[in-house]
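**Student:** Dropping in upload-v5.cif, which is mmCIF, C-alpha atoms and all ligand atoms:
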data_my_file
loop_
_atom_site.label_atom_id
_atom_site.label_comp_id
_atom_site.auth_asym_id
_atom_site.auth_seq_id
_atom_site.Cartn_x
_atom_site.Cartn_y
_atom_site.Cartn_z
CA MET A 1069 -112.06 67.13 -51.10
CA ASP A 1070 -110.44 69.89 -53.15
CA LEU A 1071 -106.80 69.37 -52.26
CA LYS A 1072 -105.64 72.59 -53.92
CA GLN A 1073 -108.02 74.59 -51.70
CA SER A 1074 -107.21 72.66 -48.51
CA THR A 1075 -104.73 73.60 -45.82
CA VAL A 1076 -102.91 70.58 -44.44
CA GLY A 1077 -101.13 70.58 -41.08
CA PHE A 1078 -98.19 68.19 -40.87
CA ILE A 1079 -96.84 67.27 -37.43
CA GLY A 1080 -93.74 65.12 -37.01
CA LEU A 1081 -90.90 65.84 -39.44
CA GLY A 1082 -88.58 62.97 -38.50
CA LYS A 1083 -86.96 60.39 -40.75
CA MET A 1084 -90.28 59.51 -42.39
CA GLY A 1085 -92.25 62.72 -41.93
CA TRP A 1086 -89.67 64.95 -43.61
CA PRO A 1087 -89.62 63.21 -47.04
CA ILE A 1088 -93.39 62.60 -46.97
CA ALA A 1089 -94.08 66.27 -46.21
CA ARG A 1090 -91.57 67.35 -48.85
CA ASN A 1091 -93.43 65.30 -51.47
CA LEU A 1092 -96.75 66.88 -50.45
CA SER A 1093 -95.23 70.34 -50.67
CA SER A 1094 -93.76 69.67 -54.12
CA SER A 1095 -97.17 68.37 -55.27
CA GLY A 1096 -98.66 71.79 -54.51
CA ILE A 1097 -100.31 71.04 -51.16
CA ARG A 1098 -100.62 74.11 -48.91
CA LEU A 1099 -98.71 72.90 -45.84
CA ILE A 1100 -98.38 74.15 -42.29
CA VAL A 1101 -95.67 72.25 -40.40
CA ASN A 1102 -94.79 71.63 -36.78
CA ASP A 1103 -92.49 69.35 -34.78
CA ALA A 1104 -91.45 69.07 -31.11
CA ASP A 1105 -88.06 70.14 -32.45
CA MET A 1106 -88.94 73.66 -33.64
CA ASP A 1107 -85.60 74.09 -35.42
CA VAL A 1108 -86.43 71.11 -37.65
CA ALA A 1109 -89.89 72.52 -38.46
CA LYS A 1110 -88.48 75.98 -39.19
CA ARG A 1111 -85.76 74.49 -41.38
CA PHE A 1112 -88.40 72.56 -43.33
CA ALA A 1113 -90.50 75.69 -43.82
CA ASP A 1114 -87.41 77.68 -44.92
CA THR A 1115 -86.40 74.97 -47.41
CA TYR A 1116 -89.74 74.06 -48.96
CA SER A 1117 -92.98 75.79 -49.79
CA ALA A 1118 -94.52 75.48 -46.31
CA ARG A 1119 -95.34 77.66 -43.30
CA PHE A 1120 -94.19 76.99 -39.74
CA VAL A 1121 -96.82 77.66 -37.07
CA SER A 1122 -96.24 77.12 -33.34
CA PHE A 1123 -98.28 74.33 -31.73
CA GLU A 1124 -100.56 76.79 -29.95
CA GLY A 1125 -101.17 78.60 -33.26
CA LEU A 1126 -102.54 75.52 -35.04
CA ASP A 1127 -106.32 75.95 -35.28
CA GLU A 1128 -109.46 75.72 -37.40
CA GLU A 1129 -107.57 77.02 -40.42
CA LEU A 1130 -106.54 73.38 -40.93
CA ASP A 1131 -108.79 71.16 -43.05
CA VAL A 1132 -106.59 68.10 -42.62
CA VAL A 1133 -103.92 67.20 -40.05
CA ILE A 1134 -101.34 64.49 -40.80
CA LEU A 1135 -99.41 62.98 -37.88
CA THR A 1136 -96.12 61.10 -38.35
CA LEU A 1137 -95.15 60.63 -34.72
CA PRO A 1138 -93.21 57.95 -32.81
CA ASN A 1139 -96.19 56.23 -31.15
CA GLY A 1140 -99.86 56.39 -30.14
CA ASP A 1141 -99.17 57.93 -26.71
CA ILE A 1142 -97.53 60.90 -28.41
CA VAL A 1143 -100.41 61.10 -30.91
CA ASN A 1144 -102.72 61.24 -27.91
CA SER A 1145 -100.81 64.03 -26.19
CA VAL A 1146 -100.68 66.09 -29.41
CA LEU A 1147 -104.44 65.69 -29.94
CA PHE A 1148 -105.72 65.85 -26.37
CA GLY A 1149 -102.96 67.55 -24.39
CA GLY A 1150 -100.98 66.42 -21.37
CA GLY A 1151 -97.78 64.52 -22.07
CA GLU A 1152 -94.34 65.96 -21.39
CA SER A 1153 -95.04 69.37 -22.88
CA GLY A 1154 -98.21 69.88 -20.82
CA ALA A 1155 -99.62 71.77 -23.83
CA SER A 1156 -103.36 71.78 -24.49
CA GLY A 1157 -104.54 69.43 -27.20
CA LEU A 1158 -104.94 70.27 -30.87
CA ALA A 1159 -108.33 68.49 -31.11
CA HIS A 1160 -110.04 71.29 -29.18
CA ARG A 1161 -108.76 73.92 -31.62
CA LEU A 1162 -109.62 72.18 -34.90
CA GLY A 1163 -112.86 73.05 -36.66
CA LYS A 1164 -115.82 70.69 -36.95
CA GLY A 1165 -115.60 68.72 -40.21
CA SER A 1166 -111.80 68.60 -40.21
CA LEU A 1167 -109.92 65.33 -40.66
CA VAL A 1168 -106.98 63.87 -38.74
CA ILE A 1169 -104.85 61.20 -40.49
CA ASP A 1170 -102.56 59.22 -38.18
CA MET A 1171 -99.70 57.91 -40.33
CA SER A 1172 -97.67 56.91 -37.28
CA SER A 1173 -97.45 53.22 -36.32
CA SER A 1174 -99.81 53.49 -33.35
CA GLU A 1175 -101.55 50.89 -31.21
CA PRO A 1176 -104.94 50.02 -32.85
CA ASN A 1177 -107.16 49.94 -29.74
CA GLY A 1178 -105.90 53.37 -28.70
CA THR A 1179 -106.68 54.53 -32.25
CA ARG A 1180 -110.29 53.39 -31.86
CA GLU A 1181 -110.61 55.31 -28.57
CA ARG A 1182 -109.15 58.45 -30.14
CA GLY A 1183 -111.57 58.09 -33.06
CA GLN A 1184 -114.49 58.06 -30.64
CA ALA A 1185 -113.24 61.13 -28.76
CA LEU A 1186 -112.61 63.03 -32.01
CA ALA A 1187 -116.03 62.06 -33.40
CA GLU A 1188 -117.61 63.69 -30.33
CA LEU A 1189 -115.85 66.92 -31.36
CA GLY A 1190 -117.08 66.58 -34.96
CA ILE A 1191 -113.62 65.62 -36.26
CA ALA A 1192 -113.08 62.64 -38.58
CA PHE A 1193 -110.16 60.29 -37.95
CA ILE A 1194 -108.42 57.74 -40.12
CA ASP A 1195 -105.33 55.55 -39.55
CA ALA A 1196 -102.92 55.32 -42.47
CA PRO A 1197 -99.55 53.89 -41.38
CA VAL A 1198 -96.92 53.18 -43.99
CA SER A 1199 -94.26 50.65 -44.93
CA GLY A 1200 -91.21 50.98 -47.13
CA GLY A 1201 -88.80 53.03 -45.04
CA VAL A 1202 -87.09 56.31 -45.77
CA LYS A 1203 -86.07 55.36 -49.32
CA LYS A 1204 -89.61 54.62 -50.46
CA ALA A 1205 -90.91 57.64 -48.57
CA GLU A 1206 -88.53 59.72 -50.70
CA SER A 1207 -89.59 58.06 -53.97
CA ARG A 1208 -93.36 58.08 -53.15
CA GLU A 1209 -93.41 54.27 -53.26
CA LEU A 1210 -94.73 53.62 -49.76
CA ALA A 1211 -97.38 51.04 -49.00
CA VAL A 1212 -100.19 52.85 -47.15
CA MET A 1213 -102.68 50.78 -45.14
CA VAL A 1214 -105.86 52.59 -44.18
CA GLY A 1215 -108.45 51.95 -41.49
CA GLY A 1216 -111.65 53.94 -40.94
CA ASP A 1217 -114.55 55.20 -43.02
CA GLU A 1218 -114.20 53.87 -46.58
CA GLN A 1219 -115.68 56.99 -48.18
CA ILE A 1220 -113.05 59.13 -46.43
CA TYR A 1221 -110.39 56.74 -47.76
CA LYS A 1222 -111.74 57.26 -51.29
CA ASP A 1223 -111.84 61.04 -50.79
CA ILE A 1224 -108.24 61.26 -49.58
CA SER A 1225 -106.76 58.69 -51.98
CA PRO A 1226 -105.34 61.44 -54.23
CA LEU A 1227 -103.53 62.85 -51.19
CA LEU A 1228 -102.23 59.41 -50.17
CA ALA A 1229 -101.11 58.78 -53.75
CA MET A 1230 -98.68 61.72 -53.36
CA MET A 1231 -96.91 59.64 -50.69
CA GLY A 1232 -97.22 56.04 -51.80
CA ASN A 1233 -98.10 53.91 -54.81
CA LYS A 1234 -99.58 50.91 -52.97
CA LEU A 1235 -102.75 52.05 -51.21
CA PHE A 1236 -104.86 49.57 -49.25
CA TYR A 1237 -108.21 50.05 -47.57
CA VAL A 1238 -108.03 47.44 -44.79
CA GLY A 1239 -111.21 47.89 -42.73
CA SER A 1240 -112.64 49.81 -39.78
CA LEU A 1241 -110.70 52.33 -37.69
CA GLY A 1242 -107.51 50.77 -36.27
CA ALA A 1243 -107.27 48.10 -39.00
CA GLY A 1244 -104.40 49.95 -40.70
CA HIS A 1245 -102.48 50.13 -37.42
CA ALA A 1246 -103.22 46.46 -36.73
CA ILE A 1247 -101.89 45.17 -40.06
CA LYS A 1248 -98.88 47.51 -39.83
CA ALA A 1249 -97.84 45.96 -36.48
CA LEU A 1250 -98.36 42.47 -37.91
CA ASN A 1251 -96.32 43.35 -41.00
CA ASN A 1252 -93.46 44.47 -38.80
CA TYR A 1253 -93.70 41.24 -36.79
CA VAL A 1254 -93.15 39.29 -40.02
CA SER A 1255 -90.34 41.65 -41.03
CA ALA A 1256 -88.63 41.46 -37.61
CA ALA A 1257 -88.94 37.67 -37.51
CA GLY A 1258 -87.42 37.43 -41.00
CA LEU A 1259 -84.50 39.62 -39.97
CA VAL A 1260 -83.70 37.66 -36.80
CA ALA A 1261 -84.12 34.27 -38.53
CA ALA A 1262 -81.68 35.38 -41.25
CA SER A 1263 -79.27 36.83 -38.63
CA ASP A 1264 -79.36 33.56 -36.72
CA ALA A 1265 -78.77 31.50 -39.87
CA VAL A 1266 -75.89 33.72 -41.04
CA GLN A 1267 -74.21 33.55 -37.61
CA ILE A 1268 -74.57 29.76 -37.41
CA ALA A 1269 -73.18 29.53 -40.95
CA ARG A 1270 -70.23 31.74 -39.97
CA ASN A 1271 -69.46 29.51 -36.96
CA PHE A 1272 -69.55 26.55 -39.34
CA GLY A 1273 -66.96 28.25 -41.56
CA ILE A 1274 -69.19 29.78 -44.26
CA GLU A 1275 -68.56 33.45 -45.08
CA PRO A 1276 -71.62 35.65 -44.18
CA ALA A 1277 -71.65 37.27 -47.64
CA LYS A 1278 -71.66 33.84 -49.26
CA ALA A 1279 -74.48 32.68 -46.96
CA ILE A 1280 -76.58 35.70 -47.99
CA ASP A 1281 -75.85 35.07 -51.69
CA VAL A 1282 -77.10 31.50 -51.30
CA LEU A 1283 -80.22 32.53 -49.34
CA ASN A 1284 -81.04 35.17 -51.94
CA ALA A 1285 -80.89 32.56 -54.69
CA SER A 1286 -82.91 30.09 -52.64
CA SER A 1287 -86.20 29.67 -50.81
CA GLY A 1288 -84.85 31.26 -47.59
CA ARG A 1289 -84.70 34.76 -49.07
CA ASN A 1290 -86.77 37.57 -47.56
CA ASN A 1291 -86.82 41.38 -47.53
CA SER A 1292 -83.98 41.49 -45.00
CA THR A 1293 -81.69 39.12 -46.93
CA GLU A 1294 -82.43 40.94 -50.21
CA VAL A 1295 -82.46 44.57 -49.07
CA LYS A 1296 -80.82 44.93 -45.67
CA PHE A 1297 -77.92 42.49 -45.27
CA GLN A 1298 -75.39 43.74 -47.83
CA LYS A 1299 -76.28 47.39 -47.49
CA PHE A 1300 -76.71 47.90 -43.77
CA ILE A 1301 -75.43 44.83 -41.88
CA LEU A 1302 -72.42 43.21 -43.62
CA SER A 1303 -71.20 46.71 -44.53
CA GLN A 1304 -71.54 47.59 -40.81
CA ALA A 1305 -73.24 50.85 -41.85
CA PHE A 1306 -76.31 50.10 -39.68
CA ASN A 1307 -78.09 53.15 -41.08
CA SER A 1308 -81.40 51.97 -42.57
CA GLY A 1309 -83.26 54.92 -40.99
CA PHE A 1310 -85.62 52.79 -38.87
CA SER A 1311 -84.72 52.59 -35.20
CA LEU A 1312 -84.56 49.47 -33.06
CA ASP A 1313 -86.79 51.19 -30.46
CA LEU A 1314 -89.57 51.64 -33.03
CA MET A 1315 -89.34 48.01 -34.18
CA ALA A 1316 -89.52 46.83 -30.53
CA LYS A 1317 -92.59 49.08 -30.10
CA ASP A 1318 -94.27 47.49 -33.15
CA LEU A 1319 -93.61 43.99 -31.81
CA GLY A 1320 -95.10 45.01 -28.46
CA ILE A 1321 -98.23 46.17 -30.32
CA ALA A 1322 -98.49 42.90 -32.26
CA LEU A 1323 -98.04 40.91 -29.04
CA SER A 1324 -100.68 42.89 -27.13
CA MET A 1325 -103.07 42.34 -30.06
CA ALA A 1326 -102.52 38.57 -29.88
CA GLU A 1327 -102.94 38.60 -26.09
CA GLY A 1328 -106.09 40.72 -26.34
CA LEU A 1329 -107.51 38.16 -28.76
CA HIS A 1330 -106.50 35.27 -26.40
CA ARG A 1331 -104.27 33.82 -29.04
CA LYS A 1332 -101.08 31.92 -28.17
CA SER A 1333 -98.25 33.04 -30.46
CA PRO A 1334 -94.99 31.50 -29.21
CA VAL A 1335 -92.94 32.73 -32.17
CA LEU A 1336 -94.25 36.29 -31.71
CA GLU A 1337 -93.58 36.07 -27.95
CA ALA A 1338 -89.98 34.94 -28.49
CA CYS A 1339 -89.42 37.57 -31.17
CA ALA A 1340 -90.86 40.42 -29.09
CA GLU A 1341 -88.76 39.32 -26.09
CA LEU A 1342 -85.55 39.28 -28.16
CA TRP A 1343 -86.15 42.79 -29.55
CA ASN A 1344 -87.10 44.05 -26.12
CA GLN A 1345 -83.85 42.73 -24.65
CA ALA A 1346 -81.91 44.39 -27.48
CA LYS A 1347 -83.72 47.68 -26.87
CA HIS A 1348 -82.82 47.65 -23.19
CA SER A 1349 -79.20 46.65 -23.66
CA MET A 1350 -78.35 49.18 -26.40
CA PRO A 1351 -78.30 52.99 -26.31
CA GLU A 1352 -81.49 54.70 -27.55
CA GLY A 1353 -81.65 55.57 -31.23
CA ARG A 1354 -79.74 52.55 -32.56
CA ASP A 1355 -80.77 51.34 -36.01
CA HIS A 1356 -82.96 48.22 -36.06
CA THR A 1357 -80.40 46.39 -38.23
CA GLU A 1358 -78.12 46.39 -35.16
CA ILE A 1359 -80.18 43.44 -33.92
CA PHE A 1360 -77.59 41.42 -35.91
CA ARG A 1361 -74.79 42.83 -33.74
CA PHE A 1362 -76.81 42.25 -30.56
CA MET A 1363 -77.37 38.61 -31.50
CA SER A 1364 -73.72 38.17 -32.46
CA GLU A 1365 -72.48 39.56 -29.13
CA ARG A 1366 -74.74 37.18 -27.20
CA GLU A 1367 -73.03 34.12 -28.67
P1 LIG B 1401 -88.44 59.84 -35.90
O1 LIG B 1401 -88.12 59.63 -34.47
O2 LIG B 1401 -87.34 60.02 -36.88
O3 LIG B 1401 -89.42 61.10 -36.06
C1 LIG B 1401 -90.43 61.42 -35.14
C2 LIG B 1401 -90.62 62.94 -35.17
O4 LIG B 1401 -91.70 63.26 -34.28
C3 LIG B 1401 -89.38 63.71 -34.69
O5 LIG B 1401 -89.08 64.74 -35.59
C4 LIG B 1401 -89.81 64.26 -33.33
O6 LIG B 1401 -89.19 65.50 -32.99
C5 LIG B 1401 -91.30 64.42 -33.55
N1 LIG B 1401 -92.06 64.45 -32.29
C6 LIG B 1401 -91.91 63.65 -31.21
N2 LIG B 1401 -92.80 64.01 -30.25
C7 LIG B 1401 -93.50 65.05 -30.74
C8 LIG B 1401 -94.56 65.86 -30.23
N3 LIG B 1401 -95.06 65.66 -29.00
N4 LIG B 1401 -95.04 66.86 -31.01
C9 LIG B 1401 -94.54 67.08 -32.26
N5 LIG B 1401 -93.54 66.34 -32.79
C10 LIG B 1401 -93.03 65.34 -32.06
O7 LIG B 1401 -89.37 58.61 -36.31
P2 LIG B 1401 -89.64 58.05 -37.78
O8 LIG B 1401 -88.65 56.99 -38.08
O9 LIG B 1401 -89.86 59.19 -38.71
O10 LIG B 1401 -91.03 57.29 -37.52
C11 LIG B 1401 -92.26 58.00 -37.39
C12 LIG B 1401 -93.39 56.98 -37.35
O11 LIG B 1401 -93.38 56.22 -38.56
C13 LIG B 1401 -93.24 55.96 -36.21
O12 LIG B 1401 -94.50 55.66 -35.67
C14 LIG B 1401 -92.61 54.75 -36.90
O13 LIG B 1401 -92.88 53.55 -36.20
C15 LIG B 1401 -93.22 54.84 -38.26
N6 LIG B 1401 -92.45 54.26 -39.37
C16 LIG B 1401 -91.11 54.51 -39.50
C17 LIG B 1401 -90.40 53.96 -40.58
C18 LIG B 1401 -88.92 54.21 -40.79
O14 LIG B 1401 -88.32 53.55 -41.66
N7 LIG B 1401 -88.28 55.13 -40.07
C19 LIG B 1401 -91.07 53.18 -41.53
C20 LIG B 1401 -92.44 52.96 -41.38
C21 LIG B 1401 -93.12 53.51 -40.29
#
Spell out the structure here as structure tokens.
**Tutor:**
Amino acid sequence: MDLKQSTVGFIGLGKMGWPIARNLSSSGIRLIVNDADMDVAKRFADTYSARFVSFEGLDEELDVVILTLPNGDIVNSVLFGGGESGASGLAHRLGKGSLVIDMSSSEPNGTRERGQALAELGIAFIDAPVSGGVKKAESRELAVMVGGDEQIYKDISPLLAMMGNKLFYVGSLGAGHAIKALNNYVSAAGLVAASDAVQIARNFGIEPAKAIDVLNASSGRNNSTEVKFQKFILSQAFNSGFSLDLMAKDLGIALSMAEGLHRKSPVLEACAELWNQAKHSMPEGRDHTEIFRFMSERE
């Protein structure tokens, strides 16, 4: 694929999509952008070297379409129509031979079904979700986990390398989405285990900051104790840029994978239930680090 000659559509300019798209634009990729929030898409196009095109105007001009959307249902409605907007789907307007890259954290079985439907239209599909959060999206240090045709992965690796520096080919279509959900299960479990431990320590008379210092110098440390506690939780900033709703969604995906594979996962079940309760008892849009506050208030 000649990236300099390609036109790339980018849909979903939220907390992750914006910095990823900005990095593509600054790497010289010819970008056409769109978002359900047209003001955001227009602001992006005005700020960077990119063109805003309305959803109905997106067509066979696009060689590649990148999606960074909240979930697989929204990916489906963008590609095949329906959904809240009632708009017709993009898949029917793309040219044969084009490629759709779903960088959202979508449900893997739905991804496989979408791949089949797109293949019938002559459109290739690959899943390439990411990990690392807003900070690593900004610094092009994301981990990118890819499922689908391996040759396509090799062809688009230079494009993916503009977004992340840890690229993984994981397996057939949906494998990227599967490992992403499982990664977030491990991350969510680490965060709630550390929250629990810090709150028990506090009730025992140990300062939370001291507890985190000890964990970080000991075998109990994890990404949450090292990266999230001081900066987002003990500071009470709660602004990591990753919402609690999205983490609860990822746990639901991991749980439905385990159930679909007839596997009993009591820790995953308990973890998914906790995050689901937090999601339903807190206003939408709360940061996922507020799980600490939720657990503290339940004491
Ligand atoms: P976000 O809510 O900030 O952004 C989503 C964007 O999609 C918004 O700009 C929204 O307007 C747009 N959108 C929603 N419906 C749309 C539609 N029908 N058509 C066009 N645009 C639409 O979410 P985010 O945090 O950027 O996450 C995006 C994806 O990346 C999610 O699947 C999430 O799970 C995943 N992810 C997020 C992070 C993070 O740290 N935020 C990290 C890794 C993966």
**Student:** Using all atoms listed in the file, find each protein or nucleic acid residue lying at most 7 Å from ligand LIG 1401 (chain B); present the set as a ChimeraX atom specification.
**Tutor:** /A:1079-1085,1102-1105,1136-1139,1142,1145-1146,1171-1174,1197-1202,1309-1311,1314-1315,1318
**Student:** Report the distance between atom CA of A:Ile1088 and atom CA of A:Asp1223 in Å, rounded to one decimal place.
**Tutor:**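 The value is 18.9 Å.
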**Student:** If we count only C-alpha atoms, what is near A:Ala1316 at a cut-off of 7 Å, once residues fewer than 3 positions away on the same chain are taken out, given as a PyMOL selection string?
**Tutor:** chain A and resi 1312-1313+1319-1320+1340+1343-1344+1347
**Student:** Do a neighbour search on A:Thr1357 at 12 Å with only C-alpha atoms, toss out local chain neighbours closer than 4 positions, and write the hits as an mmCIF file with C-alpha atoms, in the frame of the given file.
**Tutor:**
data_model
loop_
_atom_site.group_PDB
_atom_site.id
_atom_site.type_symbol
_atom_site.label_atom_id
_atom_site.label_comp_id
_atom_site.auth_asym_id
_atom_site.auth_seq_id
_atom_site.Cartn_x
_atom_site.Cartn_y
_atom_site.Cartn_z
ATOM 1 C CA SER A 1255 -90.340 41.650 -41.030
ATOM 2 C CA ALA A 1256 -88.630 41.460 -37.610
ATOM 3 C CA GLY A 1258 -87.420 37.430 -41.000
ATOM 4 C CA LEU A 1259 -84.500 39.620 -39.970
ATOM 5 C CA VAL A 1260 -83.700 37.660 -36.800
ATOM 6 C CA ALA A 1262 -81.680 35.380 -41.250
ATOM 7 C CA SER A 1263 -79.270 36.830 -38.630
ATOM 8 C CA SER A 1292 -83.980 41.490 -45.000
ATOM 9 C CA THR A 1293 -81.690 39.120 -46.930
ATOM 10 C CA VAL A 1295 -82.460 44.570 -49.070
ATOM 11 C CA LYS A 1296 -80.820 44.930 -45.670
ATOM 12 C CA PHE A 1297 -77.920 42.490 -45.270
ATOM 13 C CA GLN A 1298 -75.390 43.740 -47.830
ATOM 14 C CA LYS A 1299 -76.280 47.390 -47.490
ATOM 15 C CA PHE A 1300 -76.710 47.900 -43.770
ATOM 16 C CA ILE A 1301 -75.430 44.830 -41.880
ATOM 17 C CA LEU A 1302 -72.420 43.210 -43.620
ATOM 18 C CA SER A 1303 -71.200 46.710 -44.530
ATOM 19 C CA GLN A 1304 -71.540 47.590 -40.810
ATOM 20 C CA ALA A 1305 -73.240 50.850 -41.850
ATOM 21 C CA PHE A 1306 -76.310 50.100 -39.680
ATOM 22 C CA ASN A 1307 -78.090 53.150 -41.080
ATOM 23 C CA SER A 1308 -81.400 51.970 -42.570
ATOM 24 C CA GLY A 1309 -83.260 54.920 -40.990
ATOM 25 C CA PHE A 1310 -85.620 52.790 -38.870
ATOM 26 C CA SER A 1311 -84.720 52.590 -35.200
ATOM 27 C CA LEU A 1312 -84.560 49.470 -33.060
ATOM 28 C CA ASP A 1313 -86.790 51.190 -30.460
ATOM 29 C CA LEU A 1314 -89.570 51.640 -33.030
ATOM 30 C CA MET A 1315 -89.340 48.010 -34.180
ATOM 31 C CA ALA A 1316 -89.520 46.830 -30.530
ATOM 32 C CA TRP A 1343 -86.150 42.790 -29.550
ATOM 33 C CA ALA A 1346 -81.910 44.390 -27.480
ATOM 34 C CA LYS A 1347 -83.720 47.680 -26.870
ATOM 35 C CA GLY A 1353 -81.650 55.570 -31.230
ATOM 36 C CA ARG A 1361 -74.790 42.830 -33.740
ATOM 37 C CA PHE A 1362 -76.810 42.250 -30.560
ATOM 38 C CA MET A 1363 -77.370 38.610 -31.500
#
**Student:** Can you pull out every residue within 12 Å of A:Leu1126, counting all atoms listed in the file, but drop anything in the same chain fewer than 5 positions away, and send it as an NGL selection string?
**Tutor:** :A and (1075-1079 or 1099-1103 or 1119-1121 or 1131-1133 or 1146-1147 or 1156-1163)
**Student:** Excluding same-chain residues fewer than 6 positions from A:Gly1183, what lies within 12 Å of it counting only C-alpha atoms, as number ranges by chain?
**Tutor:** A: 1143-1144, 1147-1148, 1159, 1167-1170, 1176-1177, 1189-1195, 1215-1217, 1240-1242
**Student:** Every residue with an atom at most 12 Å from (-108.5, 73.0, -53.3) (file coordinates; only C-alpha atoms) is what I'm after, so could you write them as a VMD selection string?
**Tutor:** chain A and resid 1069 to 1076 1096 to 1098 1131 to 1132 1227
**Student:** Atom CA of A:Ala1277 to atom CA of A:Glu1337: how many Å, to one decimal?
**Tutor:** 29.5 Å
**Student:** Grab the atom CA of A:Gly1273 to atom CA of A:Glu1365 distance for me, in Å with one decimal place.
**Tutor:**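 Result for atom CA of A:Gly1273 versus atom CA of A:Glu1365: 17.7 Å, one decimal.
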**Student:** Nearest to A:His1356: which of A:Ser1166, A:Asn1252, A:Asn1271, A:Asn1290 is it, counting all atoms listed in the file?
**Tutor:**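 Among A:Ser1166, A:Asn1252, A:Asn1271, A:Asn1290, it is A:Asn1252 that comes nearest to A:His1356.
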**Student:** Just checking: using all atoms listed in the file, which residue out of A:Met1230, A:Ala1187, A:Val1212, A:Ser1349 ends up closest to A:Asn1251?
**Tutor:**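 Closest to A:Asn1251 of all the choices is A:Val1212.
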**Student:** Give the answer as one residue: which of A:Lys1204, A:Thr1179, A:Ala1185, A:Leu1135 has the shortest atom-to-atom distance to A:Asn1091, using only C-alpha atoms?
**Tutor:**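 Selected residue with least distance to A:Asn1091: A:Lys1204.
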**Student:** Taking all atoms of stretch 1233-1244 of chain A that the file lists, what box with edges along x, y and z, padded by 5 Å per side, do you get, with centre and edge lengths in Å to one decimal, as JSON?
**Tutor:**
{"center_x": -105.4, "center_y": 50.7, "center_z": -45.5, "size_x": 24.5, "size_y": 16.5, "size_z": 28.5}
**Student:** As a PDB file, in the coordinates of the input, could you write out stretch 1191-1202 of chain A once it has been completed with N, CA, C and O atoms?
**Tutor:**
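See out-v5.pdb below for the written result:
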ATOM      1  N   ILE A1191    -114.840  65.757 -35.453  1.00  0.00           N
ATOM      2  CA  ILE A1191    -113.620  65.620 -36.260  1.00  0.00           C
ATOM      3  C   ILE A1191    -113.500  64.171 -36.745  1.00  0.00           C
ATOM      4  O   ILE A1191    -113.658  63.234 -35.950  1.00  0.00           O
ATOM      5  N   ALA A1192    -113.244  63.994 -38.031  1.00  0.00           N
ATOM      6  CA  ALA A1192    -113.080  62.640 -38.580  1.00  0.00           C
ATOM      7  C   ALA A1192    -111.644  62.166 -38.344  1.00  0.00           C
ATOM      8  O   ALA A1192    -110.712  62.979 -38.244  1.00  0.00           O
ATOM      9  N   PHE A1193    -111.477  60.865 -38.274  1.00  0.00           N
ATOM     10  CA  PHE A1193    -110.160  60.290 -37.950  1.00  0.00           C
ATOM     11  C   PHE A1193    -109.941  59.042 -38.798  1.00  0.00           C
ATOM     12  O   PHE A1193    -110.859  58.240 -38.984  1.00  0.00           O
ATOM     13  N   ILE A1194    -108.743  58.884 -39.297  1.00  0.00           N
ATOM     14  CA  ILE A1194    -108.420  57.740 -40.120  1.00  0.00           C
ATOM     15  C   ILE A1194    -106.990  57.307 -39.774  1.00  0.00           C
ATOM     16  O   ILE A1194    -106.150  58.157 -39.469  1.00  0.00           O
ATOM     17  N   ASP A1195    -106.720  55.992 -39.763  1.00  0.00           N
ATOM     18  CA  ASP A1195    -105.330  55.550 -39.550  1.00  0.00           C
ATOM     19  C   ASP A1195    -104.753  55.139 -40.903  1.00  0.00           C
ATOM     20  O   ASP A1195    -105.416  54.431 -41.675  1.00  0.00           O
ATOM     21  N   ALA A1196    -103.536  55.580 -41.162  1.00  0.00           N
ATOM     22  CA  ALA A1196    -102.920  55.320 -42.470  1.00  0.00           C
ATOM     23  C   ALA A1196    -101.411  55.130 -42.305  1.00  0.00           C
ATOM     24  O   ALA A1196    -100.615  55.887 -42.879  1.00  0.00           O
ATOM     25  N   PRO A1197    -100.991  54.119 -41.525  1.00  0.00           N
ATOM     26  CA  PRO A1197     -99.550  53.890 -41.380  1.00  0.00           C
ATOM     27  C   PRO A1197     -98.933  53.418 -42.694  1.00  0.00           C
ATOM     28  O   PRO A1197     -99.662  53.026 -43.619  1.00  0.00           O
ATOM     29  N   VAL A1198     -97.623  53.438 -42.722  1.00  0.00           N
ATOM     30  CA  VAL A1198     -96.920  53.180 -43.990  1.00  0.00           C
ATOM     31  C   VAL A1198     -95.843  52.134 -43.813  1.00  0.00           C
ATOM     32  O   VAL A1198     -95.379  51.875 -42.710  1.00  0.00           O
ATOM     33  N   SER A1199     -95.412  51.560 -44.921  1.00  0.00           N
ATOM     34  CA  SER A1199     -94.260  50.650 -44.930  1.00  0.00           C
ATOM     35  C   SER A1199     -93.412  50.941 -46.166  1.00  0.00           C
ATOM     36  O   SER A1199     -93.944  51.306 -47.209  1.00  0.00           O
ATOM     37  N   GLY A1200     -92.106  50.752 -45.991  1.00  0.00           N
ATOM     38  CA  GLY A1200     -91.210  50.980 -47.130  1.00  0.00           C
ATOM     39  C   GLY A1200     -89.955  51.722 -46.714  1.00  0.00           C
ATOM     40  O   GLY A1200     -88.978  51.773 -47.457  1.00  0.00           O
ATOM     41  N   GLY A1201     -89.993  52.338 -45.540  1.00  0.00           N
ATOM     42  CA  GLY A1201     -88.800  53.030 -45.040  1.00  0.00           C
ATOM     43  C   GLY A1201     -88.538  54.354 -45.732  1.00  0.00           C
ATOM     44  O   GLY A1201     -89.305  54.812 -46.588  1.00  0.00           O
ATOM     45  N   VAL A1202     -87.422  54.950 -45.329  1.00  0.00           N
ATOM     46  CA  VAL A1202     -87.090  56.310 -45.770  1.00  0.00           C
ATOM     47  C   VAL A1202     -86.950  56.370 -47.302  1.00  0.00           C
ATOM     48  O   VAL A1202     -87.440  57.303 -47.949  1.00  0.00           O
TER      49      VAL A1202
END
